[in-house]
>>> print(open('target-v2.txt').read())   # compact mmCIF, C-alpha atoms and all ligand atoms
# COMPACT_ATOMS: atom_id res chain seq x y z
CA MET A 1 -10.18 12.36 12.47
CA THR A 2 -13.36 12.87 10.51
CA ASP A 3 -13.98 16.23 12.21
CA LEU A 4 -10.80 17.74 10.70
CA PRO A 5 -11.18 19.45 7.31
CA THR A 6 -10.01 17.10 4.56
CA LYS A 7 -7.52 18.07 1.91
CA ARG A 8 -6.54 16.30 -1.31
CA GLN A 9 -3.10 14.78 -0.99
CA LEU A 10 -2.67 12.52 -3.99
CA GLN A 11 -4.46 13.38 -7.22
CA ILE A 12 -4.32 11.22 -10.35
CA GLU A 13 -6.00 12.45 -13.54
CA GLY A 14 -6.40 10.49 -16.78
CA LEU A 15 -3.45 8.18 -16.09
CA SER A 16 -2.50 5.74 -18.85
CA VAL A 17 0.56 3.48 -18.79
CA VAL A 18 1.75 1.62 -21.86
CA TYR A 19 4.75 -0.73 -21.61
CA GLU A 20 6.75 -0.85 -24.84
CA SER A 21 8.81 -3.93 -25.70
CA PRO A 22 10.18 -5.55 -28.88
CA ARG A 23 7.06 -7.79 -28.83
CA GLY A 24 4.80 -4.76 -29.03
CA SER A 25 3.04 -2.45 -26.60
CA LEU A 26 0.93 -3.43 -23.62
CA ARG A 27 -1.55 -1.06 -22.01
CA ALA A 28 -1.51 -1.67 -18.25
CA VAL A 29 -3.49 1.37 -17.04
CA ASP A 30 -6.12 3.26 -19.00
CA GLU A 31 -7.49 6.74 -18.25
CA LEU A 32 -7.44 6.13 -14.50
CA SER A 33 -8.44 8.97 -12.17
CA MET A 34 -8.47 8.80 -8.38
CA HIS A 35 -7.44 10.69 -5.27
CA VAL A 36 -6.37 10.13 -1.68
CA ASP A 37 -7.13 12.76 0.96
CA GLU A 38 -4.84 13.63 3.86
CA ARG A 39 -4.97 10.91 6.56
CA GLU A 40 -7.25 8.80 4.38
CA PHE A 41 -6.81 5.02 4.07
CA VAL A 42 -7.66 3.97 0.51
CA ALA A 43 -7.56 0.33 -0.56
CA VAL A 44 -7.23 -0.60 -4.24
CA LEU A 45 -8.80 -3.91 -5.12
CA GLY A 46 -8.27 -5.50 -8.49
CA PRO A 47 -7.84 -8.83 -10.26
CA SER A 48 -4.42 -10.38 -10.80
CA GLY A 49 -2.36 -8.69 -13.50
CA CYS A 50 -4.75 -5.75 -13.90
CA GLY A 51 -2.13 -3.06 -13.31
CA LYS A 52 -2.11 -2.48 -9.52
CA SER A 53 1.67 -2.62 -9.05
CA THR A 54 2.06 -0.45 -12.13
CA LEU A 55 -0.17 2.16 -10.47
CA LEU A 56 1.96 2.04 -7.33
CA LYS A 57 5.19 2.36 -9.31
CA ILE A 58 3.81 5.49 -10.92
CA VAL A 59 2.84 7.04 -7.58
CA SER A 60 6.23 6.16 -6.09
CA GLY A 61 7.93 7.94 -8.99
CA LEU A 62 9.76 4.81 -10.18
CA LEU A 63 7.90 4.84 -13.50
CA ALA A 64 6.69 7.74 -15.65
CA PRO A 65 3.09 7.96 -16.96
CA SER A 66 2.49 7.55 -20.69
CA GLN A 67 -0.40 10.00 -20.30
CA GLY A 68 -2.07 11.92 -17.51
CA THR A 69 -0.89 13.63 -14.35
CA VAL A 70 -0.04 12.45 -10.86
CA SER A 71 0.45 15.07 -8.19
CA LEU A 72 1.14 15.10 -4.49
CA ASP A 73 0.12 18.21 -2.54
CA GLY A 74 -0.31 19.98 -5.84
CA SER A 75 3.14 19.28 -7.29
CA GLU A 76 3.66 16.74 -10.04
CA ILE A 77 5.51 13.52 -9.16
CA THR A 78 8.57 13.25 -11.38
CA GLY A 79 10.72 10.83 -9.36
CA PRO A 80 11.07 9.22 -5.91
CA ARG A 81 10.22 11.64 -3.09
CA SER A 82 11.09 11.86 0.55
CA ASP A 83 7.46 12.37 1.60
CA VAL A 84 6.42 8.95 0.25
CA GLY A 85 7.13 5.59 1.91
CA ILE A 86 6.85 2.21 0.22
CA VAL A 87 6.18 -1.27 1.61
CA PHE A 88 6.58 -4.04 -0.94
CA GLN A 89 4.94 -7.46 -1.13
CA GLN A 90 8.23 -9.08 -0.09
CA PRO A 91 10.17 -7.11 2.53
CA VAL A 92 13.52 -7.59 0.68
CA LEU A 93 15.69 -6.95 3.73
CA LEU A 94 19.46 -6.77 3.40
CA PRO A 95 20.72 -10.01 5.03
CA TRP A 96 24.03 -8.53 6.20
CA LYS A 97 22.39 -5.64 8.05
CA THR A 98 20.71 -5.80 11.46
CA VAL A 99 16.99 -5.13 11.83
CA LEU A 100 17.73 -1.58 13.00
CA ASP A 101 20.07 -0.88 10.06
CA ASN A 102 17.50 -2.28 7.65
CA VAL A 103 14.91 0.13 9.03
CA LEU A 104 17.39 2.97 8.45
CA VAL A 105 18.00 2.13 4.76
CA PRO A 106 15.72 4.93 3.40
CA ILE A 107 17.61 7.47 5.52
CA ARG A 108 20.87 6.57 3.83
CA ALA A 109 19.14 6.65 0.42
CA LEU A 110 17.92 10.18 1.23
CA ARG A 111 21.49 11.12 2.28
CA GLN A 112 20.39 12.09 5.78
CA PRO A 113 22.51 11.39 8.88
CA GLU A 114 21.37 8.02 10.31
CA LYS A 115 22.02 9.13 13.90
CA ASP A 116 19.25 11.75 13.60
CA TYR A 117 16.74 8.97 12.92
CA MET A 118 17.91 6.41 15.48
CA ASP A 119 15.16 7.31 18.00
CA GLN A 120 12.50 7.28 15.29
CA ALA A 121 13.70 3.85 14.05
CA MET A 122 13.66 2.43 17.59
CA SER A 123 10.19 3.79 18.36
CA LEU A 124 8.87 2.30 15.11
CA LEU A 125 10.41 -1.06 16.00
CA LYS A 126 8.60 -0.77 19.33
CA LEU A 127 5.36 0.10 17.52
CA VAL A 128 5.62 -3.05 15.35
CA GLY A 129 6.56 -5.17 18.38
CA LEU A 130 10.22 -5.72 17.49
CA ALA A 131 12.06 -3.54 20.01
CA ASP A 132 13.92 -6.59 21.34
CA PHE A 133 15.08 -7.60 17.87
CA ALA A 134 16.90 -4.42 16.79
CA LYS A 135 20.29 -6.15 16.80
CA HIS A 136 19.07 -9.37 15.19
CA TYR A 137 19.61 -10.26 11.53
CA PRO A 138 16.75 -10.93 9.06
CA HIS A 139 17.34 -14.70 8.90
CA GLU A 140 16.63 -14.85 12.63
CA LEU A 141 13.08 -13.53 12.10
CA SER A 142 9.84 -15.16 10.96
CA GLY A 143 8.12 -14.03 7.74
CA GLY A 144 5.64 -11.91 9.70
CA MET A 145 8.43 -10.27 11.70
CA GLN A 146 10.36 -9.48 8.50
CA GLN A 147 7.25 -7.88 7.04
CA ARG A 148 6.95 -5.72 10.18
CA VAL A 149 10.54 -4.58 9.63
CA GLY A 150 9.44 -3.63 6.09
CA ILE A 151 6.60 -1.55 7.53
CA ALA A 152 8.92 0.22 10.00
CA ARG A 153 11.34 0.90 7.11
CA GLY A 154 8.50 2.38 5.02
CA LEU A 155 7.68 4.79 7.86
CA VAL A 156 11.16 5.73 9.15
CA HIS A 157 11.55 8.99 7.21
CA ASN A 158 8.10 10.05 8.37
CA PRO A 159 6.42 10.08 4.94
CA ARG A 160 2.99 11.66 4.66
CA LEU A 161 1.85 9.03 2.18
CA LEU A 162 2.50 5.31 2.65
CA LEU A 163 2.22 3.05 -0.40
CA MET A 164 1.70 -0.65 0.26
CA ASP A 165 1.70 -3.28 -2.47
CA GLU A 166 -0.01 -6.44 -1.15
CA PRO A 167 2.22 -6.32 1.93
CA PHE A 168 0.62 -9.35 3.61
CA ALA A 169 0.06 -11.56 0.56
CA ALA A 170 2.92 -13.93 1.39
CA LEU A 171 1.79 -14.50 4.99
CA ASP A 172 -0.44 -17.23 6.43
CA ALA A 173 -4.07 -16.28 7.15
CA MET A 174 -3.64 -15.86 10.92
CA THR A 175 -0.53 -13.68 10.68
CA ARG A 176 -2.22 -11.73 7.95
CA ASP A 177 -5.23 -10.86 10.14
CA GLN A 178 -2.93 -9.91 12.99
CA MET A 179 -0.83 -7.70 10.70
CA ALA A 180 -3.96 -5.96 9.40
CA GLU A 181 -4.94 -5.08 12.98
CA GLU A 182 -1.42 -3.84 13.68
CA LEU A 183 -1.41 -1.73 10.54
CA GLN A 184 -4.70 -0.16 11.60
CA THR A 185 -3.18 0.71 14.99
CA ILE A 186 -0.10 2.24 13.35
CA TRP A 187 -2.25 4.22 10.95
CA LEU A 188 -4.48 5.51 13.76
CA GLU A 189 -1.37 6.56 15.72
CA THR A 190 0.73 8.11 12.97
CA ASP A 191 -1.62 10.33 10.97
CA LYS A 192 -0.66 9.23 7.46
CA ALA A 193 -2.49 8.70 4.22
CA VAL A 194 -2.22 5.12 2.98
CA LEU A 195 -2.69 3.68 -0.51
CA PHE A 196 -3.02 -0.06 0.05
CA ILE A 197 -3.12 -2.57 -2.78
CA THR A 198 -4.70 -5.94 -2.20
CA HIS A 199 -6.38 -8.95 -3.77
CA SER A 200 -8.42 -9.51 -0.63
CA ILE A 201 -11.92 -8.06 -0.30
CA GLN A 202 -11.99 -8.77 3.47
CA GLU A 203 -8.64 -7.06 4.02
CA ALA A 204 -9.72 -4.02 1.99
CA VAL A 205 -13.01 -3.66 3.91
CA PHE A 206 -11.33 -4.23 7.27
CA LEU A 207 -8.71 -1.53 6.71
CA ALA A 208 -9.98 1.14 4.38
CA ASP A 209 -12.01 4.34 4.57
CA ARG A 210 -12.67 3.87 0.87
CA VAL A 211 -12.22 0.95 -1.53
CA LEU A 212 -11.49 1.55 -5.21
CA VAL A 213 -12.24 -1.36 -7.52
CA LEU A 214 -10.15 -1.70 -10.66
CA SER A 215 -11.20 -3.38 -13.90
CA PRO A 216 -9.23 -6.25 -15.45
CA ARG A 217 -6.23 -4.91 -17.44
CA PRO A 218 -5.95 -2.18 -18.53
CA ALA A 219 -6.79 -0.89 -15.07
CA THR A 220 -9.35 1.82 -14.63
CA VAL A 221 -11.54 2.61 -11.61
CA ILE A 222 -14.92 0.88 -11.88
CA ASP A 223 -16.23 1.48 -8.36
CA ASN A 224 -15.55 3.69 -5.36
CA VAL A 225 -17.06 2.43 -2.11
CA LYS A 226 -16.99 4.32 1.18
CA ILE A 227 -16.58 2.00 4.18
CA ASP A 228 -18.51 3.43 7.10
CA LEU A 229 -17.66 0.78 9.70
CA PRO A 230 -16.61 2.07 13.15
CA ARG A 231 -12.94 2.13 14.25
CA PRO A 232 -10.90 0.64 15.65
CA ARG A 233 -12.15 -2.33 13.65
CA ASN A 234 -11.87 -5.71 15.32
CA ASP A 235 -13.46 -9.17 15.42
CA ALA A 236 -16.76 -7.66 16.60
CA VAL A 237 -16.91 -5.42 13.50
CA ILE A 238 -16.09 -8.37 11.20
CA SER A 239 -19.07 -10.23 12.67
CA THR A 240 -21.56 -7.49 11.78
CA GLN A 241 -24.14 -7.61 9.03
CA ALA A 242 -22.77 -4.33 7.64
CA TYR A 243 -19.30 -5.85 7.13
CA ALA A 244 -20.76 -8.94 5.43
CA GLU A 245 -22.94 -6.80 3.17
CA VAL A 246 -20.15 -4.59 1.89
CA CYS A 247 -17.94 -7.66 1.26
CA ALA A 248 -20.79 -9.30 -0.66
CA TYR A 249 -21.35 -6.12 -2.65
CA LEU A 250 -17.68 -5.95 -3.65
CA ARG A 251 -17.51 -9.66 -4.46
CA ARG A 252 -20.05 -9.13 -7.25
CA HIS A 253 -17.35 -7.29 -9.22
CA PHE A 254 -15.25 -10.44 -9.30
CA SER A 255 -17.73 -13.06 -10.40
CA THR A 256 -16.23 -13.65 -13.85
CA PRO A 257 -13.24 -16.04 -14.16
CA GLU A 258 -10.86 -13.36 -15.48
CA SER A 259 -11.54 -11.07 -12.52
CA GLN A 260 -11.11 -13.27 -9.46
CA ALA A 261 -10.36 -11.74 -6.09
CA ALA A 262 -10.35 -13.62 -2.78
N1 LIG A 301 8.18 -3.78 -16.78
C1 LIG A 301 7.19 -4.29 -17.51
N2 LIG A 301 7.32 -4.43 -18.85
C2 LIG A 301 6.30 -4.91 -19.61
N3 LIG A 301 5.10 -5.29 -19.10
C3 LIG A 301 4.92 -5.18 -17.78
C4 LIG A 301 5.95 -4.69 -16.93
N4 LIG A 301 5.46 -4.67 -15.65
C5 LIG A 301 4.21 -5.16 -15.71
N5 LIG A 301 3.89 -5.45 -17.00
C6 LIG A 301 2.59 -5.97 -17.46
O1 LIG A 301 1.58 -5.04 -17.06
C7 LIG A 301 0.41 -5.73 -16.63
C8 LIG A 301 0.07 -5.27 -15.24
O2 LIG A 301 1.10 -5.70 -14.36
P1 LIG A 301 1.09 -5.32 -12.80
O3 LIG A 301 2.30 -5.91 -12.19
O4 LIG A 301 0.88 -3.88 -12.66
O5 LIG A 301 -0.24 -6.09 -12.34
P2 LIG A 301 -0.81 -6.37 -10.87
O6 LIG A 301 -2.24 -5.94 -10.88
O7 LIG A 301 0.07 -5.77 -9.86
O8 LIG A 301 -0.73 -7.96 -10.80
P3 LIG A 301 -0.66 -8.92 -9.49
O9 LIG A 301 -2.02 -8.89 -8.89
O10 LIG A 301 -0.37 -10.26 -10.07
O11 LIG A 301 0.42 -8.39 -8.59
C9 LIG A 301 0.72 -7.22 -16.76
O12 LIG A 301 0.15 -7.68 -17.95
C10 LIG A 301 2.23 -7.29 -16.82
O13 LIG A 301 2.65 -8.36 -17.64
MG MG A 302 1.23 -6.60 -8.28
>>> encode(input="target-v2.txt", output="C-alpha cells", more="lines below")
Ligand SMILES: Nc1ncnc2c1ncn2[C@@H]1O[C@H](COP(=O)(O)OP(=O)(O)OP(=O)(O)O)[C@@H](O)[C@H]1O
Ligand SMILES: [Mg+2]
Amino acid sequence: MTDLPTKRQLQIEGLSVVYESPRGSLRAVDELSMHVDEREFVAVLGPSGCGKSTLLKIVSGLLAPSQGTVSLDGSEITGPRSDVGIVFQQPVLLPWKTVLDNVLVPIRALRQPEKDYMDQAMSLLKLVGLADFAKHYPHELSGGMQQRVGIARGLVHNPRLLLMDEPFAALDAMTRDQMAEELQTIWLETDKAVLFITHSIQEAVFLADRVLVLSPRPATVIDNVKIDLPRPRNDAVISTQAYAEVCAYLRRHFSTPESQAA
C-alpha cells in the first residue's frame, strides 16, 4: 500500500462549529484543520466531550460548519453522500429486520435496488463472520455480533471513506481487541480510507497509520503522530518496545484531569 502514490481524500480547513441554543452558544470545534489520504487509516483521539462526534457529524454531512471548509475528493461536503459510510457507537439495528436486511438499509436510503447489492451484503457478512446469521434477527445476536452487522452496513454501498465513532466503546475488553483485529483485516482487504474516533490510546495505536490528538473542547488538533508499526498488527506487535513507547508518548497529552483518555 505504501508504494502507491498517495492522494488527499478528505481535507478540512479552519473548521469551527458553534452550537446555538436559548442558553447561549457553545463552541465545540475551533479552527481545526486535518486531512485523510486515500486508503489511510487515521485515528482521532480526544478527551470526553471535546467535540469528536461533532467532527464526525460534519464530515458525514449531517451538520453544517459554522466556519471553514470540508471537502472530499476536492468537492465540498454539503450533505450526506453515497461515497461515505458511517459506523456509530451503538449499532442501532432495526429489530424487525433480519441481519441481511439491516445491512441493506443504506441501499434503500440511497434509493438503489436492494437486489443489486445482495451479493455484496452477503460477502460482507462473511467477512465479519456472520454468514450463517443472515436470516437471524438482531435480538438473537450478542453485542459484538450486532456491532459487526453495523460495520457490514457501513460498508455495503462500497464507500471510499468509512467514518467510525467509537464503534467498540460499548464492548467488553476481549471482544474489543478481537473487533480491532477484524477491522484491520477488513481495512487491509477493502482499500478504504478510515476516520476512526476513539478514547483509547491502545486502540488508536493498534489500528492507525496516523493518530491525531484533539485538545479539550473546543476541539483543535494538538498533535499528529505517524504510527510506523508493521502490519498486520497482532499480539507480537503489541508486545514491542516501539508500541509501548508510542502509547506512553500519547498518554502524556492526557495527564490532566480534564483530558483523560484510557
Ligand atoms: N446538538 C447539540 N446541541 C448543543 N450542544 C451540543 C450538541 N451536540 C454536542 N453538543 C456539545 O458539544 C460538545 C462536544 O460534543 P461531542 O458529542 O462532539 O463530544 P465528544 O468528543 O464526541 O464526546 P464523547 O467523548 O463523550 O463522545 C459538548 O459540550 C456537547 O455538550
Ligand atoms: Mg462522541
>>> closest_atom_pairs(input="target-v2.txt", of="chain A", to="ligand MG 302 (chain A)", cutoff="12 Å", atoms="all atoms listed in the file", output="CSV")
residue,atom,partner,partner_atom,distance
A:Ala28,CA,A:MG302,MG,11.5
A:Val44,CA,A:MG302,MG,11.1
A:Leu45,CA,A:MG302,MG,10.9
A:Gly46,CA,A:MG302,MG,9.6
A:Pro47,CA,A:MG302,MG,9.5
A:Ser48,CA,A:MG302,MG,7.2
A:Gly49,CA,A:MG302,MG,6.7
A:Cys50,CA,A:MG302,MG,8.3
A:Gly51,CA,A:MG302,MG,7.0
A:Lys52,CA,A:MG302,MG,5.4
A:Ser53,CA,A:MG302,MG,4.1
A:Thr54,CA,A:MG302,MG,7.3
A:Leu55,CA,A:MG302,MG,9.1
A:Leu56,CA,A:MG302,MG,8.7
A:Lys57,CA,A:MG302,MG,9.9
A:Phe88,CA,A:MG302,MG,9.4
A:Gln89,CA,A:MG302,MG,8.1
A:Gln90,CA,A:MG302,MG,11.1
A:Met164,CA,A:MG302,MG,10.4
A:Asp165,CA,A:MG302,MG,6.7
A:Glu166,CA,A:MG302,MG,7.2
A:Pro167,CA,A:MG302,MG,10.3
A:Ala169,CA,A:MG302,MG,10.2
A:Phe196,CA,A:MG302,MG,11.4
A:Ile197,CA,A:MG302,MG,8.1
A:Thr198,CA,A:MG302,MG,8.5
A:His199,CA,A:MG302,MG,9.2
A:Arg217,CA,A:MG302,MG,11.9
A:Ala219,CA,A:MG302,MG,12.0
>>> write_last_selection(input="target-v2.txt", atoms="C-alpha atoms", output="mmCIF file, in the coordinates of the input")
data_model
loop_
_atom_site.group_PDB
_atom_site.id
_atom_site.type_symbol
_atom_site.label_atom_id
_atom_site.label_comp_id
_atom_site.auth_asym_id
_atom_site.auth_seq_id
_atom_site.Cartn_x
_atom_site.Cartn_y
_atom_site.Cartn_z
ATOM 1 C CA ALA A 28 -1.510 -1.670 -18.250
ATOM 2 C CA VAL A 44 -7.230 -0.600 -4.240
ATOM 3 C CA LEU A 45 -8.800 -3.910 -5.120
ATOM 4 C CA GLY A 46 -8.270 -5.500 -8.490
ATOM 5 C CA PRO A 47 -7.840 -8.830 -10.260
ATOM 6 C CA SER A 48 -4.420 -10.380 -10.800
ATOM 7 C CA GLY A 49 -2.360 -8.690 -13.500
ATOM 8 C CA CYS A 50 -4.750 -5.750 -13.900
ATOM 9 C CA GLY A 51 -2.130 -3.060 -13.310
ATOM 10 C CA LYS A 52 -2.110 -2.480 -9.520
ATOM 11 C CA SER A 53 1.670 -2.620 -9.050
ATOM 12 C CA THR A 54 2.060 -0.450 -12.130
ATOM 13 C CA LEU A 55 -0.170 2.160 -10.470
ATOM 14 C CA LEU A 56 1.960 2.040 -7.330
ATOM 15 C CA LYS A 57 5.190 2.360 -9.310
ATOM 16 C CA PHE A 88 6.580 -4.040 -0.940
ATOM 17 C CA GLN A 89 4.940 -7.460 -1.130
ATOM 18 C CA GLN A 90 8.230 -9.080 -0.090
ATOM 19 C CA MET A 164 1.700 -0.650 0.260
ATOM 20 C CA ASP A 165 1.700 -3.280 -2.470
ATOM 21 C CA GLU A 166 -0.010 -6.440 -1.150
ATOM 22 C CA PRO A 167 2.220 -6.320 1.930
ATOM 23 C CA ALA A 169 0.060 -11.560 0.560
ATOM 24 C CA PHE A 196 -3.020 -0.060 0.050
ATOM 25 C CA ILE A 197 -3.120 -2.570 -2.780
ATOM 26 C CA THR A 198 -4.700 -5.940 -2.200
ATOM 27 C CA HIS A 199 -6.380 -8.950 -3.770
ATOM 28 C CA ARG A 217 -6.230 -4.910 -17.440
ATOM 29 C CA ALA A 219 -6.790 -0.890 -15.070
#
>>> closest_atom_pairs(input="target-v2.txt", of="stretch 26-135 of chain A", to="stretch 176-186 of chain A", cutoff="12 Å", atoms="only C-alpha atoms", output="JSON lines")
{"residue": "A:Glu40", "atom": "CA", "partner": "A:Gln184", "partner_atom": "CA", "distance": 11.8}
{"residue": "A:Phe41", "atom": "CA", "partner": "A:Gln184", "partner_atom": "CA", "distance": 9.4}
{"residue": "A:Val87", "atom": "CA", "partner": "A:Leu183", "partner_atom": "CA", "distance": 11.7}
{"residue": "A:Ser123", "atom": "CA", "partner": "A:Ile186", "partner_atom": "CA", "distance": 11.5}
{"residue": "A:Leu124", "atom": "CA", "partner": "A:Ile186", "partner_atom": "CA", "distance": 9.1}
{"residue": "A:Leu125", "atom": "CA", "partner": "A:Ile186", "partner_atom": "CA", "distance": 11.3}
{"residue": "A:Lys126", "atom": "CA", "partner": "A:Ile186", "partner_atom": "CA", "distance": 11.0}
{"residue": "A:Leu127", "atom": "CA", "partner": "A:Ile186", "partner_atom": "CA", "distance": 7.2}
{"residue": "A:Val128", "atom": "CA", "partner": "A:Glu182", "partner_atom": "CA", "distance": 7.3}
{"residue": "A:Gly129", "atom": "CA", "partner": "A:Glu182", "partner_atom": "CA", "distance": 9.4}
>>> residues_around(input="target-v2.txt", residues="A:Val92", least_positions_apart="2", cutoff="12 Å", atoms="only C-alpha atoms", output="tab-separated table (two decimals) with C-alpha atoms, in the frame of the given file")
chain	number	residue	atom	x	y	z
A	86	ILE	CA	6.85	2.21	0.22
A	87	VAL	CA	6.18	-1.27	1.61
A	88	PHE	CA	6.58	-4.04	-0.94
A	89	GLN	CA	4.94	-7.46	-1.13
A	90	GLN	CA	8.23	-9.08	-0.09
A	94	LEU	CA	19.46	-6.77	3.40
A	95	PRO	CA	20.72	-10.01	5.03
A	96	TRP	CA	24.03	-8.53	6.20
A	97	LYS	CA	22.39	-5.64	8.05
A	99	VAL	CA	16.99	-5.13	11.83
A	102	ASN	CA	17.50	-2.28	7.65
A	103	VAL	CA	14.91	0.13	9.03
A	105	VAL	CA	18.00	2.13	4.76
A	138	PRO	CA	16.75	-10.93	9.06
A	139	HIS	CA	17.34	-14.70	8.90
A	143	GLY	CA	8.12	-14.03	7.74
A	146	GLN	CA	10.36	-9.48	8.50
A	147	GLN	CA	7.25	-7.88	7.04
A	148	ARG	CA	6.95	-5.72	10.18
A	149	VAL	CA	10.54	-4.58	9.63
A	150	GLY	CA	9.44	-3.63	6.09
A	151	ILE	CA	6.60	-1.55	7.53
A	153	ARG	CA	11.34	0.90	7.11
A	154	GLY	CA	8.50	2.38	5.02
A	167	PRO	CA	2.22	-6.32	1.93
>>> residues_around(input="target-v2.txt", residues="A:Val211", least_positions_apart="2", cutoff="6 Å", atoms="only C-alpha atoms", output="PDB file with C-alpha atoms, keeping the file's coordinate frame")
ATOM      1  CA  VAL A  42      -7.660   3.970   0.510  1.00  0.00           C
ATOM      2  CA  ALA A  43      -7.560   0.330  -0.560  1.00  0.00           C
ATOM      3  CA  VAL A  44      -7.230  -0.600  -4.240  1.00  0.00           C
ATOM      4  CA  ASN A 224     -15.550   3.690  -5.360  1.00  0.00           C
ATOM      5  CA  VAL A 225     -17.060   2.430  -2.110  1.00  0.00           C
TER       6      VAL A 225
END
>>> closest_residue(input="target-v2.txt", among="A:Met145, A:Pro218, A:Ala170, A:Leu72", to="ligand LIG 301 (chain A)", atoms="all atoms listed in the file")
A:Pro218
>>> residues_near_point(input="target-v2.txt", point="(-12.1, -8.3, 2.2)", cutoff="9 Å", atoms="all atoms listed in the file", output="JSON, numbers by chain")
{"A": [198, 199, 200, 201, 202, 203, 204, 205, 206, 207, 246, 247, 250, 251, 262]}
>>> write_last_selection(input="target-v2.txt", atoms="C-alpha atoms", output="mmCIF file, in the coordinates of the input")
data_model
loop_
_atom_site.group_PDB
_atom_site.id
_atom_site.type_symbol
_atom_site.label_atom_id
_atom_site.label_comp_id
_atom_site.auth_asym_id
_atom_site.auth_seq_id
_atom_site.Cartn_x
_atom_site.Cartn_y
_atom_site.Cartn_z
ATOM 1 C CA THR A 198 -4.700 -5.940 -2.200
ATOM 2 C CA HIS A 199 -6.380 -8.950 -3.770
ATOM 3 C CA SER A 200 -8.420 -9.510 -0.630
ATOM 4 C CA ILE A 201 -11.920 -8.060 -0.300
ATOM 5 C CA GLN A 202 -11.990 -8.770 3.470
ATOM 6 C CA GLU A 203 -8.640 -7.060 4.020
ATOM 7 C CA ALA A 204 -9.720 -4.020 1.990
ATOM 8 C CA VAL A 205 -13.010 -3.660 3.910
ATOM 9 C CA PHE A 206 -11.330 -4.230 7.270
ATOM 10 C CA LEU A 207 -8.710 -1.530 6.710
ATOM 11 C CA VAL A 246 -20.150 -4.590 1.890
ATOM 12 C CA CYS A 247 -17.940 -7.660 1.260
ATOM 13 C CA LEU A 250 -17.680 -5.950 -3.650
ATOM 14 C CA ARG A 251 -17.510 -9.660 -4.460
ATOM 15 C CA ALA A 262 -10.350 -13.620 -2.780
#
>>> residues_around(input="target-v2.txt", residues="A:Pro230", least_positions_apart="3", cutoff="12 Å", atoms="only C-alpha atoms", output="list in words")
Thr2, Val205, Phe206, Leu207, Ala208, Asp209, Ile227, Arg233, Asn234, Asp235, Ala236, Val237, Ile238, Thr240, Ala242 and Tyr243 of chain A
>>> closest_residue(input="target-v2.txt", among="A:Thr175, A:Thr6, A:Ser142, A:Gln11", to="A:Asp73", atoms="all atoms listed in the file")
A:Gln11
>>> closest_residue(input="target-v2.txt", among="A:Asp101, A:Asp30, A:Asp191, A:Glu13", to="ligand LIG 301 (chain A)", atoms="all atoms listed in the file")
A:Asp30
>>> atom_distance(input="target-v2.txt", atom1="atom CA of A:Val84", atom2="atom CA of A:Leu171")
24.4 Å
>>> atom_distance(input="target-v2.txt", atom1="atom CA of A:Ala131", atom2="atom CA of A:Gly85")
20.9 Å
>>> residues_around(input="target-v2.txt", residues="A:Thr78", least_positions_apart="3", cutoff="9 Å", atoms="only C-alpha atoms", output="ChimeraX atom specification")
/A:61-64,70-71,81
